[in-house]
Amino acid sequence: MQYRTLGRTGVQVSALALGAMNFGRIGRTTQQEATALVDAALEGGINLIDTADMYGAGESEEMVGKAIAGRRDDIVLATKASMPMGEERNHRGGSRRWLVTALEDSLRRLGVDHVDLYQIHRWDPSTDDEETLSALTDLQRAGKIRYFGSSTFPAHRIVQAQWAARERHLSRYVTEQPSYSILQRGVETHVLPVTEQYGLGVLVWSPLASGWLSGAVRAGRPVTTSRSTFMPDRFDLTLPANRARLDAVEQLAGVADEAGLTMIQLALGFVTAHPAVTSALIGPRTPDHLQAQLAAADTVLSDDVLDAIDAIVAPGTDLAPHEKYDIPPSLLDPSLRRRH
């Protein structure tokens with residue numbers, strides 16, 4: 001396992017990190033199975049575990065807490081807030097009112113007195129940066145969080161938040177968590193250059209592109225991945241974007257075979273090769289999934305392999321742009337781009 005410094009914090013984290021979204025109802029994972037995954041991940045050299053309050057409506061945090069009991073100090077523990085937690089309109093977002101409550105709820109579920117990294121799960125356009133940063137700074141000074149970061153923020157919002165922190169003498173986001181894979185390279189255009197400029201650590205999610213790069217999705221085979229059961233549109237081959245992805249996967253499989261790598265090694269080796277990336281979040285549901293992903297821990301892709309990937313999916317290209325999560329609201333809501 002390789003270890004890298006998380007931004008400018010001085011904290012050393014593993015190049016592969018354990019994402020716990022599949023713990024509980026989402027991945028149909030029992031507590032015993034989740035604990036076994038944590039055990040194997042730690043044994044494999046992983047020291048960063050990432051979860052969120054909304055994963056299974058708090059179930060993932062509870063299971064992570066039980067799995068790490070007795071070894072909290074050996075783990076860099078990260079969670080997230082701001083996504084809706086129920087129907088109540090104020091149980092979401094980046095307001096001070098909600099973040100103070102959300103963190104207390106997360107600490108209770110995790111069974112800890114602090115988290116190492118507290119992340120704003122999505123940018124909240126209805127809340128001023130100063131409001132959010134001020135609340136996070138106070139929680140940090142209270143010792144309940146060590147650092148805080150953003151997740152899936154558009155590049156201009158990352159810059160704005162850095163400016164607001166400096167202008168108001170508040171602590172700043174020290175990490176960003178974007179979606180990044182061979183098939184979704186759009187963050188290379190703006191987000192990753194900005195994180196490098198400001199010295200942010202980068203924890204990338206979905207490096208296997210929801211299973212497209214796991215080796216399980218190939219031409220002529222039925223798609224049987226877990227994601228395909230509750231996200232069928234992402235694997236519907238009548239859609240042009242999915243046909244483009246399948247074509248790319250077939251070409252990438254050839255590159256992997258020639259290099260003597262699995263598709264997983266190719267995919268994880270690609271994202272961890274980018275100088276802006278600190279860690280790739282893996283989200284295994286089974287021990288076999290975890291072992292296949294841990295096999296990529298020391299994968300270093302040659303320039304020839306990286307060049308071959310660039311020839312298949314050009315730098316900065318998203319093969320499924322409609323699946324991006326950092327689209328500015330004005331591109332989704334016509335009323336926001338029309339003067340009334």
# chains A, B, ... in the order shown; residues from 1 in each chain; ligands from 1

$ select_by_dssp --residues "stretch 27-252 of chain A" --states "helix (DSSP H, G or I)" --output "NGL selection string"
:A and (31-43 or 55-68 or 72-74 or 96-110 or 129-141 or 155-168 or 186-188 or 191-198 or 209-211 or 226-230 or 232-235 or 240-252)

$ residues_around --residues "A:Ala320" --least-positions-apart "3" --cutoff "10 Å" --atoms "only C-alpha atoms" --output "PyMOL selection string"
chain A and resi 183-186+234+240-242+244-245+317+323-324

$ closest_residue --among "A:His340, A:Lys66, A:Arg108, A:His274" --to "A:Glu188" --atoms "only C-alpha atoms"
A:His274

$ residues_around --residues "A:Met1" --least-positions-apart "3" --cutoff "7 Å" --atoms "only C-alpha atoms" --output "PyMOL selection string"
chain A and resi 14-15+45+297-298

$ write_last_selection --atoms "N, CA, C and O atoms" --output "JSON list (two decimals), in the first residue's frame"
[["chain", "number", "residue", "atom", "x", "y", "z"],
["A", 14, "SER", "N", -3.83, 6.15, 3.13],
["A", 14, "SER", "CA", -3.58, 5.13, 2.12],
["A", 14, "SER", "C", -4.11, 5.57, 0.76],
["A", 14, "SER", "O", -5.10, 6.29, 0.66],
["A", 15, "ALA", "N", -3.43, 5.12, -0.30],
["A", 15, "ALA", "CA", -3.83, 5.48, -1.66],
["A", 15, "ALA", "C", -5.17, 4.86, -2.05],
["A", 15, "ALA", "O", -5.84, 5.36, -2.96],
["A", 45, "GLY", "N", -3.70, -2.64, 4.66],
["A", 45, "GLY", "CA", -2.98, -1.37, 4.68],
["A", 45, "GLY", "C", -3.84, -0.13, 4.58],
["A", 45, "GLY", "O", -3.33, 1.00, 4.65],
["A", 297, "ALA", "N", -3.38, -2.04, -5.10],
["A", 297, "ALA", "CA", -2.77, -1.08, -4.17],
["A", 297, "ALA", "C", -1.40, -0.61, -4.62],
["A", 297, "ALA", "O", -1.02, 0.53, -4.38],
["A", 298, "ASP", "N", -0.65, -1.48, -5.27],
["A", 298, "ASP", "CA", 0.70, -1.09, -5.69],
["A", 298, "ASP", "C", 0.83, -0.98, -7.20],
["A", 298, "ASP", "O", 1.93, -1.01, -7.76]]

$ residues_around --residues "stretch 284-294 of chain A" --least-positions-apart "3" --cutoff "7 Å" --atoms "only C-alpha atoms" --output "list of chain:residue names"
A:Asn22, A:Gly27, A:Thr29, A:Leu37, A:Gly44, A:Ile264, A:Ala297

$ write_last_selection --atoms "C-alpha atoms" --output "short mmCIF file (atom, residue, chain, number, x, y, z; two decimals), in the first residue's frame"
data_model
loop_
_atom_site.label_atom_id
_atom_site.label_comp_id
_atom_site.auth_asym_id
_atom_site.auth_seq_id
_atom_site.Cartn_x
_atom_site.Cartn_y
_atom_site.Cartn_z
CA ASN A 22 -22.58 -0.36 0.80
CA GLY A 27 -25.36 -3.11 -0.27
CA THR A 29 -24.48 -6.03 4.04
CA LEU A 37 -14.56 -5.93 5.36
CA GLY A 44 -4.40 -4.73 3.66
CA ILE A 264 -9.78 -3.09 -11.66
CA ALA A 297 -2.77 -1.08 -4.17
#

$ closest_residue --among "A:Ala296, A:Val255, A:Gly111, A:Gln140" --to "A:Gly70" --atoms "only C-alpha atoms"
A:Gly111

$ atom_distance --atom1 "atom CA of A:Glu130" --atom2 "atom CA of A:Gly149"
14.3 Å

$ residues_around --residues "stretch 153-162 of chain A" --least-positions-apart "2" --cutoff "10 Å" --atoms "only C-alpha atoms" --output "MDAnalysis selection string"
chainID A and resid 120:125 128:130 132:133 149:151 164:167 170:178 187 189:195 197:198 200 325:328

$ closest_residue --among "A:Ile312, A:Ala78, A:Ala52, A:Leu139" --to "A:Leu99" --atoms "only C-alpha atoms"
A:Leu139

$ residues_around --residues "A:Arg71" --least-positions-apart "6" --cutoff "12 Å" --atoms "only C-alpha atoms" --output "compact mmCIF listing (two decimals) with C-alpha atoms, in the first residue's frame"
# COMPACT_ATOMS: atom_id res chain seq x y z
CA VAL A 38 -13.09 -3.38 7.78
CA ASP A 39 -10.81 -6.07 9.27
CA LEU A 42 -7.03 -2.57 7.69
CA ASN A 47 -6.22 3.48 7.08
CA VAL A 64 -18.75 1.58 10.81
CA GLY A 65 -18.80 2.61 14.46
CA LEU A 77 -12.36 8.53 9.99
CA GLY A 111 -19.70 5.99 18.79
CA VAL A 112 -16.81 8.48 18.76
